[in-house]
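**Student:** Dropping the structure in here first, questions after.
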Amino acid sequence: MTISLFRNGYPREMFKELERLGGKIEKKYNGVYNVKDISIILTQVIVIKELRKGTHKALRILAPGADEEEIKAFLEEYQRLTLPGEKNNARAVIKVSAKENQEIFQKIWRNNDMKDILDDIMNVDERINEKVEDSQRQTARDMILDKRPLKEIERYSRLPEAVISSIAKAMGMTLVRG
């Protein structure tokens with residue numbers, strides 16, 4: 001197990017404090033520092049700005065002021081991913097990067113560079129939320145038909161009373177209270 005701390009720039013003060021506490025800082029390679037003698041768990045500090053360009057794109061594009069070409073390269077890699085777990089992880093990285101680098105992402109989108117990819121990534125959460133809401137509403141409908149108590153419908157459908165009431169009204173049903 002390894003504890004990894006990520007910093008955009010070199011954490012000079014943090015390293016001074018760790019050394020004052022008896023730790024040893026060893027540069028493993030560009031951007032990766034091991035912190036020894038502080039914890040029984042291997043601890044490393046990743047300095048994003050020191051990572052070589054073209055490597056560790058998923059980390060490099062998280063930093064404010066990320067390189068546009070690296071962002072595009074990561075988007076291209078995302079497009080080639082096939083496993084759902086990998087796509088979800090990459091999508092999360094892209095969303096964080098988009099928040100940190102809004103102007104770059106807007107430029108990429110405005111120039112039609114990878115517009116479809118960005119639209120897809122940003123709309124996935126909306127589609128997932130719609131599916132969850134549809135499922136919640138169907139659960140409420142089924143439970144209303146079974147004449148289940150309102151509190152039970154709220155608990156299992158995770159919908160507020162007002163929404164459940166409107167569903168029941170649209171079905172021409174009366175809610176069982178209590």
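Identifiers in the structure tokens: chain A, B, ... in order shown; residue index from 1 per chain; ligand index from 1 in order shown.
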Using DSSP on the backbone coordinates, identify all residues within chain A classified as strand (DSSP E); present the result as a list of chain:residue names.
**Tutor:**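 Those in chain A that DSSP calls strand (DSSP E) are A:Thr2, A:Ile3, A:Ser4, A:Leu5, A:Phe6, A:Arg7, A:Lys24, A:Ile25, A:Glu26, A:Lys27, A:Lys28, A:Tyr29, A:Val32, A:Tyr33, A:Asn34, A:Val35, A:Lys36, A:Leu42, A:Thr43, A:Gln44, A:Val45, A:Ile46, A:Val47.
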**Student:** Report as a ChimeraX atom specification all protein, DNA and RNA residues lying within 12 Å of Ile40 (chain A), evaluated on only C-alpha atoms, omitting residues in the same chain fewer than 4 positions from it.
**Tutor:** /A:1-3,23,35-36
**Student:** Taking N, CA, C and O atoms for each residue, export the selection above as a CSV table (one decimal), in the first residue's frame.
**Tutor:**
chain,number,residue,atom,x,y,z
A,1,MET,N,0.8,-1.2,0.0
A,1,MET,CA,0.0,0.0,0.0
A,1,MET,C,0.9,1.2,0.0
A,1,MET,O,1.9,1.3,0.6
A,2,THR,N,0.4,2.2,-0.7
A,2,THR,CA,1.2,3.5,-0.8
A,2,THR,C,0.2,4.7,-0.6
A,2,THR,O,-0.9,4.7,-1.2
A,3,ILE,N,0.7,5.6,0.1
A,3,ILE,CA,-0.1,6.9,0.2
A,3,ILE,C,0.6,7.8,-0.7
A,3,ILE,O,1.8,8.1,-0.7
A,23,GLY,N,11.9,12.9,8.7
A,23,GLY,CA,11.7,12.2,7.4
A,23,GLY,C,12.8,12.5,6.4
A,23,GLY,O,13.6,13.5,6.5
A,35,VAL,N,8.9,9.7,0.6
A,35,VAL,CA,9.1,10.2,1.9
A,35,VAL,C,9.3,9.0,2.8
A,35,VAL,O,8.5,8.2,3.0
A,36,LYS,N,10.5,9.0,3.4
A,36,LYS,CA,10.9,7.8,4.3
A,36,LYS,C,11.0,8.2,5.7
A,36,LYS,O,11.2,9.4,6.0
**Student:** Excluding same-chain residues fewer than 6 positions from Leu145 (chain A), what lies within 9 Å of it counting only C-alpha atoms, as a short mmCIF file (atom, residue, chain, number, x, y, z; two decimals) with C-alpha atoms, in the first residue's frame?
**Tutor:**
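What ended up in part.cif:
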data_model
loop_
_atom_site.label_atom_id
_atom_site.label_comp_id
_atom_site.auth_asym_id
_atom_site.auth_seq_id
_atom_site.Cartn_x
_atom_site.Cartn_y
_atom_site.Cartn_z
CA ALA A 168 -50.46 8.89 -7.40
CA MET A 171 -52.55 7.37 -11.71
CA MET A 173 -54.87 6.60 -6.93
#
**Student:** Residues within 9 Å of Asp67 (chain A), please, as a VMD selection string. Count only C-alpha atoms; anything in the same chain fewer than 6 positions from it doesn't count.
**Tutor:** chain A and resid 53 60 to 61 104
**Student:** Tell me, in Å to one decimal, how far CA of Glu86 (chain A) is from CA of Thr43 (chain A).
**Tutor:**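 Computed distance, CA of Glu86 (chain A) to CA of Thr43 (chain A), equals 25.1 Å.
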**Student:** Write out as a ChimeraX atom specification which residues come within 12 Å of Glu68 (chain A) when counting only C-alpha atoms, dropping same-chain ones fewer than 5 positions away.
**Tutor:** /A:53-54,57,60-63,73-75,97-98,101-109,113
**Student:** Write down as a VMD selection string the residues of region 54-169 of chain A whose backbone DSSP state falls under alpha helix (DSSP H).
**Tutor:** chain A and resid 57 to 60 68 to 80 84 to 100 102 to 110 115 to 145 150 to 157 161 to 169
**Student:** Given the choices A:Ala162, A:Ile46, A:Leu150, A:Ile41, which gets closest to Ser4 (chain A) if the distance is worked out from only C-alpha atoms?
**Tutor:**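 Answer, going by the shortest atom-to-atom distance: A:Ile46.
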**Student:** Quick one: distance from CA of Leu18 (chain A) to CA of Ile38 (chain A) in Å, one decimal?
**Tutor:**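 Calculated distance between CA of Leu18 (chain A) and CA of Ile38 (chain A) is 7.7 Å.
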**Student:** Would you mind listing, for every residue of region 75-109 of chain A within 9 Å of region 119-123 of chain A, the two atoms forming the shortest contact and the distance between them in Å to one decimal, using only C-alpha atoms, sorted by chain and ascending residue number, as CSV?
**Tutor:**
residue,atom,partner,partner_atom,distance
A:Arg91,CA,A:Ile121,CA,6.3
A:Ile94,CA,A:Ile121,CA,8.1
A:Lys95,CA,A:Met122,CA,7.6
A:Trp109,CA,A:Asp119,CA,8.5
**Student:** Could you take the residues named above and write them with N, CA, C and O atoms, as a PDB file, in the first residue's frame?
**Tutor:**
ATOM      1  N   ARG A  91     -13.326   9.440 -17.599  1.00  0.00           N
ATOM      2  CA  ARG A  91     -14.359  10.482 -17.644  1.00  0.00           C
ATOM      3  C   ARG A  91     -14.256  11.367 -16.400  1.00  0.00           C
ATOM      4  O   ARG A  91     -14.380  12.594 -16.485  1.00  0.00           O
ATOM      5  N   ILE A  94     -11.355  13.714 -16.818  1.00  0.00           N
ATOM      6  CA  ILE A  94     -11.676  14.758 -17.797  1.00  0.00           C
ATOM      7  C   ILE A  94     -12.572  15.819 -17.163  1.00  0.00           C
ATOM      8  O   ILE A  94     -12.378  17.019 -17.376  1.00  0.00           O
ATOM      9  N   LYS A  95     -13.536  15.393 -16.361  1.00  0.00           N
ATOM     10  CA  LYS A  95     -14.448  16.362 -15.737  1.00  0.00           C
ATOM     11  C   LYS A  95     -13.702  17.271 -14.754  1.00  0.00           C
ATOM     12  O   LYS A  95     -13.952  18.479 -14.708  1.00  0.00           O
ATOM     13  N   TRP A 109     -13.748  22.709 -27.590  1.00  0.00           N
ATOM     14  CA  TRP A 109     -15.136  22.483 -27.985  1.00  0.00           C
ATOM     15  C   TRP A 109     -15.555  23.441 -29.099  1.00  0.00           C
ATOM     16  O   TRP A 109     -16.154  23.036 -30.085  1.00  0.00           O
TER      17      TRP A 109
END
**Student:** Could you check which of A:Ala170, A:Met14, A:Val176, A:Ala58 is closest to Tyr78 (chain A), using only C-alpha atoms?
**Tutor:** A:Ala58
**Student:** Could you tell me how far CA of Glu70 (chain A) sits from CA of Asn89 (chain A), in Å to one decimal place?
**Tutor:**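 Computing it gives 17.1 Å between the two atoms.
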**Student:** Here is a test: counting only C-alpha atoms, which residue of A:Lys28, A:Ile117, A:Val96, A:Ile167 is nearest to Arg80 (chain A)?
**Tutor:** A:Ile117
**Student:** For Arg155 (chain A), find every residue with an atom within 12 Å (counting only C-alpha atoms), except residues of its own chain fewer than 6 positions away, and show them as a PyMOL selection string.
**Tutor:** chain A and resi 136+139-140+143+148-149+161+164
**Student:** Using only C-alpha atoms, which of A:Glu152, A:His56, A:Lys49, A:Leu5 sits nearest Asn34 (chain A)?
**Tutor:**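 Among the listed residues, A:Leu5 lies closest to Asn34 (chain A).
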